[in-house]
Amino acid sequence: MGEAGKTLDELNELASRAGKWLGLSAAAPERHTAAVVADRFEQITWRDTYEQSAGLRELAEELNERFDSSAASASTTDLLTDVFLAAYKVSPRLRERAEMDPSRLVNHQVITSLVESLEFAELRRETAGDPYAAAMAVLAQAAALRRMLEHSRDAQEETEQAKKARQDTEGAATAVGEALQQAADEADEDGTVPAPASDAVQQAIEAAEAAEAAARQAARAAVRALAAAAPGIRAAARNAAAKAAEAVREEATLMRAWGVGPGELERMPFDQRGRLAERLRTSRLAEWAELIGRFRQMAGGERARKVENAAGELVGVTLGNDLSRVIPSELANLGLPELRAVFAARYAAGELMLYDSQGEQTTGRGAIIACVDTSHSMYEAGPGGVTREAWAKACALALLDQARHAGRDFVGILFSAADKIQVFRFPADQPAGTARILDFAETFLGGGTSYQTPLTAASELLEEEFNDAARTRGDIVMLTDDDCGVTERWMRGWNDAKHLLGFRVFGVAIGAPRVAEADSVLDALCDNLRSIEDFTDVHAAADLFRVI
């Protein structure tokens with residue numbers, strides 16, 4: 001029969017020695033390729049965003065090309081997923097290092113360094129819950145991700161070797177189990193196992209022990225490589241997060257400056273939002289976004305100071321019977337049955353305490369029309385490098401907000417020479433449309449200056465509104481830096497239209513005090529006229545937004 005075999009008892013002794021290999025073979029712990037824990041819906045959000053963003057796909061392709069192996073390419077894709085989810089989730093939770101697939105330990109180090117930095121906490125304030133902003137954060141960190149991956153190339157190779165060694169160990173453990181099973185199947189009735197089968201078990205165990213030793217060595221090498229790469233990764237992660245936070249904040253500020261609210265952005269398709277952001281960044285007035293934002297904020301504050309249905313600015317308390325101006329403490333008396341008769345008596349006698357206001361006219365009801373001079377001289381810059389055009393356009397956009405808030409039509413009339421005019425209408429009952437607003441803000445006609453053309457167009461629009469909707473008391477705001485003549489015949493027609501339609505005219509002389517002098521043509525045309533010389537001061541026009 002050849003060499004004597006081992007008994008079943010001797011085989012059991014081998015099996016006892018191989019016990020740990022049988023356990024490893026039967027239930028190897030799950031290893032994850034994702035460092036950030038995400039639910040199904042968050043994973044769907046990532047996949048949808050990735051499909052919609054050409055920038056993300058191009059970045060993934062570029063990073064993958066830097067590595068030769070498909071395993072490394074998969075690792076970079078997983079890294080982008082983790083960076084996105086870390087920015088998107090309100091409170092990202094990271095897996096423990098022991099839970100990670102060895103080949104993703106570099107990713108885990110990168111994400112840990114990002115999430116633990118103060119800069120990334122600042123970034124997440126802008127990106128949490130917003131897939132577009134989170135994707136933008138990933139793209140803003142592209143250069144840093146390249147550097148981190150390059151810096152950790154040796155560590156990545158070591159972790160790949162550790163993964164392979166671990167797989168070899170698991171394979172050897174499986175071989176031990178198979179050898180034991182084969183030996184048991186070949187045992188004689190008296191329990192003797194043929195020598196070849198028992199030798200196969202012995203060899204499988206020795207191979208598994210050697211594989212385990214190699215795996216331990218590879219794991220130690222990977223740990224050393226990660227430790228060497230960690231300082232560089234942490235520094236790059238902080239810089240990446242800071243840069244991304246700045247980029248996301250700048251875009252958010254740009255959107256707010258142009259009146260694009262968070263709700264509108266959430267409803268906007270990904271590609272459309274990307275195109276809008278690009279257009280805003282490259283707009284002629286992009287560098288004045290901060291000025292535009294301050295103008296709109298100032299106008300909003302002035303609106304909040306208004307007393308509804310009161311004629312002018314609040315200055316104190318007086319007596320009367322105008323129920324629209326009764327102070328809250330007087331109205332409280334109506335809640336007490338025993339004081340209702342007192343309230344009625346005070347009302348009849350005109351002795352109720354009312355808000356008192358003075359000095360300003362009531363707001364209009366018709367359209368708000370901004371006539372913006374776009375002649376060549378409006379290119380001229382004033383204090384702070386702000387151009388006359390930028391100040392005028394910022395004021396006009398704030399007037400657009402004013403009209404939308406009051407439910408009034410808005411019309412922007414861009415003018416220069418007598419034959420150059422462009423009209424942008426924004427009806428109150430229709431969405432303004434960011435693209436249309438940008439068209440209005442970016443258009444510049446050039447040439448000389450003519451008052452008659454834009455003002456005639458404005459009065460005709462108010463007359464059309466009066467005929468169609470019986471609305472009067474529109475407001476025209478003339479924003480210019482030049483003075484020019486008008487004919488006597490035109491002036492008579494202008495005054496007749498003003499008397500019939502009841503509109504008001506506000507003039508703003510931008511960087512040209514002489515245009516606002518008492519004997520100027522603009523002074524003769526306007527009910528209210530002021531001169532603006534400091535283009536960085538948005539509050540110089542604050543009173544306009546209390547009376548318009």
# chains A, B, ... in the order shown; residues from 1 in each chain; ligands from 1
>>> residues_around(residues="range 43-48 of chain A", least_positions_apart="6", cutoff="8 Å", atoms="only C-alpha atoms", output="number ranges by chain")
A: 81, 84-85, 131
>>> atom_distance(atom1="CA of Leu180 in chain A", atom2="CA of Arg166 in chain A")
21.3 Å
>>> residues_around(residues="range 88-101 of chain A", least_positions_apart="3", cutoff="10 Å", atoms="only C-alpha atoms", output="PDB file with N, CA and C atoms, in the first residue's frame")
ATOM      1  N   PRO A  29     -14.148  38.547   7.652  1.00  0.00           N
ATOM      2  CA  PRO A  29     -14.911  39.763   7.924  1.00  0.00           C
ATOM      3  C   PRO A  29     -15.070  40.607   6.656  1.00  0.00           C
ATOM      4  N   GLU A  30     -16.216  41.330   6.589  1.00  0.00           N
ATOM      5  CA  GLU A  30     -16.484  42.168   5.424  1.00  0.00           C
ATOM      6  C   GLU A  30     -15.535  43.361   5.424  1.00  0.00           C
ATOM      7  N   ARG A  31     -14.969  43.654   4.295  1.00  0.00           N
ATOM      8  CA  ARG A  31     -14.077  44.799   4.138  1.00  0.00           C
ATOM      9  C   ARG A  31     -14.718  45.791   3.172  1.00  0.00           C
ATOM     10  N   HIS A  32     -14.661  47.071   3.529  1.00  0.00           N
ATOM     11  CA  HIS A  32     -15.355  48.102   2.756  1.00  0.00           C
ATOM     12  C   HIS A  32     -14.384  48.886   1.875  1.00  0.00           C
ATOM     13  N   THR A  33     -14.888  49.293   0.725  1.00  0.00           N
ATOM     14  CA  THR A  33     -14.094  50.145  -0.167  1.00  0.00           C
ATOM     15  C   THR A  33     -14.459  51.614  -0.020  1.00  0.00           C
ATOM     16  N   ALA A  34     -15.521  51.913   0.727  1.00  0.00           N
ATOM     17  CA  ALA A  34     -15.960  53.295   0.953  1.00  0.00           C
ATOM     18  C   ALA A  34     -15.635  53.692   2.383  1.00  0.00           C
ATOM     19  N   ALA A  35     -14.970  54.830   2.546  1.00  0.00           N
ATOM     20  CA  ALA A  35     -14.619  55.294   3.894  1.00  0.00           C
ATOM     21  C   ALA A  35     -15.788  55.983   4.579  1.00  0.00           C
ATOM     22  N   VAL A  36     -16.653  56.638   3.802  1.00  0.00           N
ATOM     23  CA  VAL A  36     -17.795  57.363   4.367  1.00  0.00           C
ATOM     24  C   VAL A  36     -19.028  56.462   4.345  1.00  0.00           C
ATOM     25  N   VAL A  37     -19.654  56.316   5.492  1.00  0.00           N
ATOM     26  CA  VAL A  37     -20.874  55.506   5.582  1.00  0.00           C
ATOM     27  C   VAL A  37     -22.012  56.279   4.909  1.00  0.00           C
ATOM     28  N   ALA A  38     -22.711  55.636   3.964  1.00  0.00           N
ATOM     29  CA  ALA A  38     -23.783  56.313   3.228  1.00  0.00           C
ATOM     30  C   ALA A  38     -24.955  55.372   3.052  1.00  0.00           C
ATOM     31  N   GLU A  42     -28.286  58.428  -0.407  1.00  0.00           N
ATOM     32  CA  GLU A  42     -27.082  59.234  -0.599  1.00  0.00           C
ATOM     33  C   GLU A  42     -26.219  58.664  -1.722  1.00  0.00           C
ATOM     34  N   THR A  45     -27.823  59.766  -4.862  1.00  0.00           N
ATOM     35  CA  THR A  45     -27.515  61.176  -5.113  1.00  0.00           C
ATOM     36  C   THR A  45     -26.143  61.319  -5.757  1.00  0.00           C
ATOM     37  N   TRP A  46     -25.152  60.564  -5.258  1.00  0.00           N
ATOM     38  CA  TRP A  46     -23.817  60.609  -5.850  1.00  0.00           C
ATOM     39  C   TRP A  46     -23.854  60.132  -7.290  1.00  0.00           C
ATOM     40  N   ASP A  82     -16.106  59.341  -1.850  1.00  0.00           N
ATOM     41  CA  ASP A  82     -15.966  59.677  -0.432  1.00  0.00           C
ATOM     42  C   ASP A  82     -15.868  61.192  -0.215  1.00  0.00           C
ATOM     43  N   VAL A  83     -15.102  61.867  -1.062  1.00  0.00           N
ATOM     44  CA  VAL A  83     -14.959  63.323  -0.913  1.00  0.00           C
ATOM     45  C   VAL A  83     -16.311  64.002  -1.112  1.00  0.00           C
ATOM     46  N   PHE A  84     -17.062  63.552  -2.107  1.00  0.00           N
ATOM     47  CA  PHE A  84     -18.397  64.110  -2.355  1.00  0.00           C
ATOM     48  C   PHE A  84     -19.304  63.898  -1.154  1.00  0.00           C
ATOM     49  N   LEU A  85     -19.386  62.663  -0.669  1.00  0.00           N
ATOM     50  CA  LEU A  85     -20.295  62.352   0.429  1.00  0.00           C
ATOM     51  C   LEU A  85     -19.884  63.068   1.713  1.00  0.00           C
ATOM     52  N   ARG A 104      -7.839  50.406   0.206  1.00  0.00           N
ATOM     53  CA  ARG A 104      -8.498  51.716   0.346  1.00  0.00           C
ATOM     54  C   ARG A 104      -8.020  52.461   1.591  1.00  0.00           C
ATOM     55  N   LEU A 105      -6.932  51.997   2.184  1.00  0.00           N
ATOM     56  CA  LEU A 105      -6.433  52.668   3.384  1.00  0.00           C
ATOM     57  C   LEU A 105      -5.919  54.069   3.083  1.00  0.00           C
ATOM     58  N   ASN A 107      -7.220  56.060   0.788  1.00  0.00           N
ATOM     59  CA  ASN A 107      -8.453  56.844   0.724  1.00  0.00           C
ATOM     60  C   ASN A 107      -8.926  57.208   2.120  1.00  0.00           C
ATOM     61  N   HIS A 108      -8.882  56.227   3.026  1.00  0.00           N
ATOM     62  CA  HIS A 108      -9.334  56.457   4.397  1.00  0.00           C
ATOM     63  C   HIS A 108      -8.487  57.540   5.056  1.00  0.00           C
ATOM     64  N   GLN A 109      -7.190  57.512   4.809  1.00  0.00           N
ATOM     65  CA  GLN A 109      -6.302  58.535   5.374  1.00  0.00           C
ATOM     66  C   GLN A 109      -6.629  59.908   4.808  1.00  0.00           C
ATOM     67  N   ILE A 111      -9.552  60.994   3.483  1.00  0.00           N
ATOM     68  CA  ILE A 111     -10.855  61.461   3.953  1.00  0.00           C
ATOM     69  C   ILE A 111     -10.797  61.820   5.437  1.00  0.00           C
ATOM     70  N   THR A 112     -10.096  61.040   6.219  1.00  0.00           N
ATOM     71  CA  THR A 112      -9.951  61.360   7.638  1.00  0.00           C
ATOM     72  C   THR A 112      -9.280  62.718   7.815  1.00  0.00           C
ATOM     73  N   VAL A 115     -11.906  65.488   6.790  1.00  0.00           N
ATOM     74  CA  VAL A 115     -13.035  65.657   7.704  1.00  0.00           C
ATOM     75  C   VAL A 115     -12.591  66.227   9.048  1.00  0.00           C
ATOM     76  N   ALA A 121     -14.819  71.776   7.919  1.00  0.00           N
ATOM     77  CA  ALA A 121     -16.053  72.111   8.640  1.00  0.00           C
ATOM     78  C   ALA A 121     -16.656  73.387   8.073  1.00  0.00           C
ATOM     79  N   ARG A 124     -18.265  72.508   4.725  1.00  0.00           N
ATOM     80  CA  ARG A 124     -19.527  71.764   4.807  1.00  0.00           C
ATOM     81  C   ARG A 124     -20.715  72.672   5.124  1.00  0.00           C
ATOM     82  N   ARG A 125     -20.468  73.819   5.734  1.00  0.00           N
ATOM     83  CA  ARG A 125     -21.554  74.771   5.976  1.00  0.00           C
ATOM     84  C   ARG A 125     -22.177  75.241   4.654  1.00  0.00           C
ATOM     85  N   GLU A 126     -21.365  75.260   3.613  1.00  0.00           N
ATOM     86  CA  GLU A 126     -21.847  75.717   2.307  1.00  0.00           C
ATOM     87  C   GLU A 126     -22.370  74.572   1.439  1.00  0.00           C
ATOM     88  N   THR A 127     -21.932  73.327   1.726  1.00  0.00           N
ATOM     89  CA  THR A 127     -22.222  72.229   0.798  1.00  0.00           C
ATOM     90  C   THR A 127     -23.208  71.199   1.324  1.00  0.00           C
ATOM     91  N   ALA A 128     -23.426  71.144   2.626  1.00  0.00           N
ATOM     92  CA  ALA A 128     -24.272  70.095   3.197  1.00  0.00           C
ATOM     93  C   ALA A 128     -25.672  70.134   2.595  1.00  0.00           C
ATOM     94  N   GLY A 129     -26.104  69.007   2.076  1.00  0.00           N
ATOM     95  CA  GLY A 129     -27.440  68.892   1.509  1.00  0.00           C
ATOM     96  C   GLY A 129     -27.589  69.432   0.102  1.00  0.00           C
ATOM     97  N   ASP A 130     -26.523  69.962  -0.474  1.00  0.00           N
ATOM     98  CA  ASP A 130     -26.574  70.560  -1.816  1.00  0.00           C
ATOM     99  C   ASP A 130     -25.648  69.768  -2.744  1.00  0.00           C
ATOM    100  N   PRO A 131     -26.202  68.872  -3.576  1.00  0.00           N
ATOM    101  CA  PRO A 131     -25.355  68.039  -4.445  1.00  0.00           C
ATOM    102  C   PRO A 131     -24.456  68.855  -5.364  1.00  0.00           C
ATOM    103  N   TYR A 132     -24.989  69.941  -5.908  1.00  0.00           N
ATOM    104  CA  TYR A 132     -24.184  70.755  -6.824  1.00  0.00           C
ATOM    105  C   TYR A 132     -22.983  71.352  -6.090  1.00  0.00           C
ATOM    106  N   ALA A 133     -23.229  71.929  -4.909  1.00  0.00           N
ATOM    107  CA  ALA A 133     -22.138  72.541  -4.149  1.00  0.00           C
ATOM    108  C   ALA A 133     -21.115  71.492  -3.718  1.00  0.00           C
ATOM    109  N   ALA A 134     -21.593  70.296  -3.361  1.00  0.00           N
ATOM    110  CA  ALA A 134     -20.668  69.223  -2.971  1.00  0.00           C
ATOM    111  C   ALA A 134     -19.812  68.804  -4.160  1.00  0.00           C
ATOM    112  N   ALA A 135     -20.420  68.707  -5.342  1.00  0.00           N
ATOM    113  CA  ALA A 135     -19.652  68.373  -6.545  1.00  0.00           C
ATOM    114  C   ALA A 135     -18.640  69.463  -6.860  1.00  0.00           C
ATOM    115  N   ALA A 137     -17.234  71.340  -4.707  1.00  0.00           N
ATOM    116  CA  ALA A 137     -16.165  71.196  -3.721  1.00  0.00           C
ATOM    117  C   ALA A 137     -15.159  70.133  -4.159  1.00  0.00           C
ATOM    118  N   THR A 159      -0.270  49.147   0.183  1.00  0.00           N
ATOM    119  CA  THR A 159      -1.603  48.666   0.595  1.00  0.00           C
ATOM    120  C   THR A 159      -2.161  47.679  -0.421  1.00  0.00           C
ATOM    121  N   GLU A 160      -1.829  47.864  -1.703  1.00  0.00           N
ATOM    122  CA  GLU A 160      -2.242  46.891  -2.706  1.00  0.00           C
ATOM    123  C   GLU A 160      -1.560  45.547  -2.437  1.00  0.00           C
ATOM    124  N   ALA A 162      -0.535  44.524   0.486  1.00  0.00           N
ATOM    125  CA  ALA A 162      -1.167  43.988   1.699  1.00  0.00           C
ATOM    126  C   ALA A 162      -2.490  43.316   1.371  1.00  0.00           C
ATOM    127  N   LYS A 163      -3.240  43.931   0.457  1.00  0.00           N
ATOM    128  CA  LYS A 163      -4.506  43.320   0.061  1.00  0.00           C
ATOM    129  C   LYS A 163      -4.264  41.971  -0.611  1.00  0.00           C
ATOM    130  N   ARG A 166      -3.296  39.407   1.877  1.00  0.00           N
ATOM    131  CA  ARG A 166      -4.463  38.962   2.647  1.00  0.00           C
ATOM    132  C   ARG A 166      -5.304  37.994   1.833  1.00  0.00           C
TER     133      ARG A 166
END
>>> select_by_dssp(residues="range 55-117 of chain A", states="helix (DSSP H, G or I)", output="PyMOL selection string")
chain A and resi 55-65+70-88+97-99+102-115
>>> write_last_selection(atoms="C-alpha atoms", output="CSV table (one decimal), in the first residue's frame")
chain,number,residue,atom,x,y,z
A,55,GLY,CA,-16.4,67.8,-14.7
A,56,LEU,CA,-16.6,64.9,-12.2
A,57,ARG,CA,-16.3,62.3,-15.0
A,58,GLU,CA,-13.4,64.1,-16.6
A,59,LEU,CA,-11.6,64.3,-13.2
A,60,ALA,CA,-12.2,60.6,-12.5
A,61,GLU,CA,-10.8,59.7,-16.0
A,62,GLU,CA,-7.8,61.9,-15.5
A,63,LEU,CA,-7.0,60.4,-12.1
A,64,ASN,CA,-7.5,56.9,-13.4
A,65,GLU,CA,-5.0,57.5,-16.2
A,70,SER,CA,-7.6,48.6,-12.8
A,71,ALA,CA,-7.6,48.2,-9.0
A,72,ALA,CA,-5.9,51.6,-8.5
A,73,SER,CA,-8.4,53.2,-10.9
A,74,ALA,CA,-11.3,51.8,-8.8
A,75,SER,CA,-9.6,53.3,-5.8
A,76,THR,CA,-9.6,56.8,-7.2
A,77,THR,CA,-13.3,56.5,-8.2
A,78,ASP,CA,-14.1,55.5,-4.6
A,79,LEU,CA,-12.0,58.4,-3.3
A,80,LEU,CA,-14.1,60.9,-5.4
A,81,THR,CA,-17.2,59.3,-4.0
A,82,ASP,CA,-16.0,59.7,-0.4
A,83,VAL,CA,-15.0,63.3,-0.9
A,84,PHE,CA,-18.4,64.1,-2.4
A,85,LEU,CA,-20.3,62.4,0.4
A,86,ALA,CA,-18.1,63.9,3.1
A,87,ALA,CA,-19.1,67.4,1.8
A,88,TYR,CA,-22.7,66.5,1.1
A,97,ARG,CA,-9.5,51.7,9.6
A,98,ALA,CA,-9.9,48.0,10.5
A,99,GLU,CA,-13.2,47.8,8.5
A,102,PRO,CA,-6.5,47.3,2.6
A,103,SER,CA,-6.3,48.8,-0.9
A,104,ARG,CA,-8.5,51.7,0.3
A,105,LEU,CA,-6.4,52.7,3.4
A,106,VAL,CA,-4.9,55.6,1.5
A,107,ASN,CA,-8.5,56.8,0.7
A,108,HIS,CA,-9.3,56.5,4.4
A,109,GLN,CA,-6.3,58.5,5.4
A,110,VAL,CA,-7.2,61.3,2.9
A,111,ILE,CA,-10.9,61.5,4.0
A,112,THR,CA,-10.0,61.4,7.6
A,113,SER,CA,-7.5,64.2,7.1
A,114,LEU,CA,-10.2,66.2,5.3
A,115,VAL,CA,-13.0,65.7,7.7
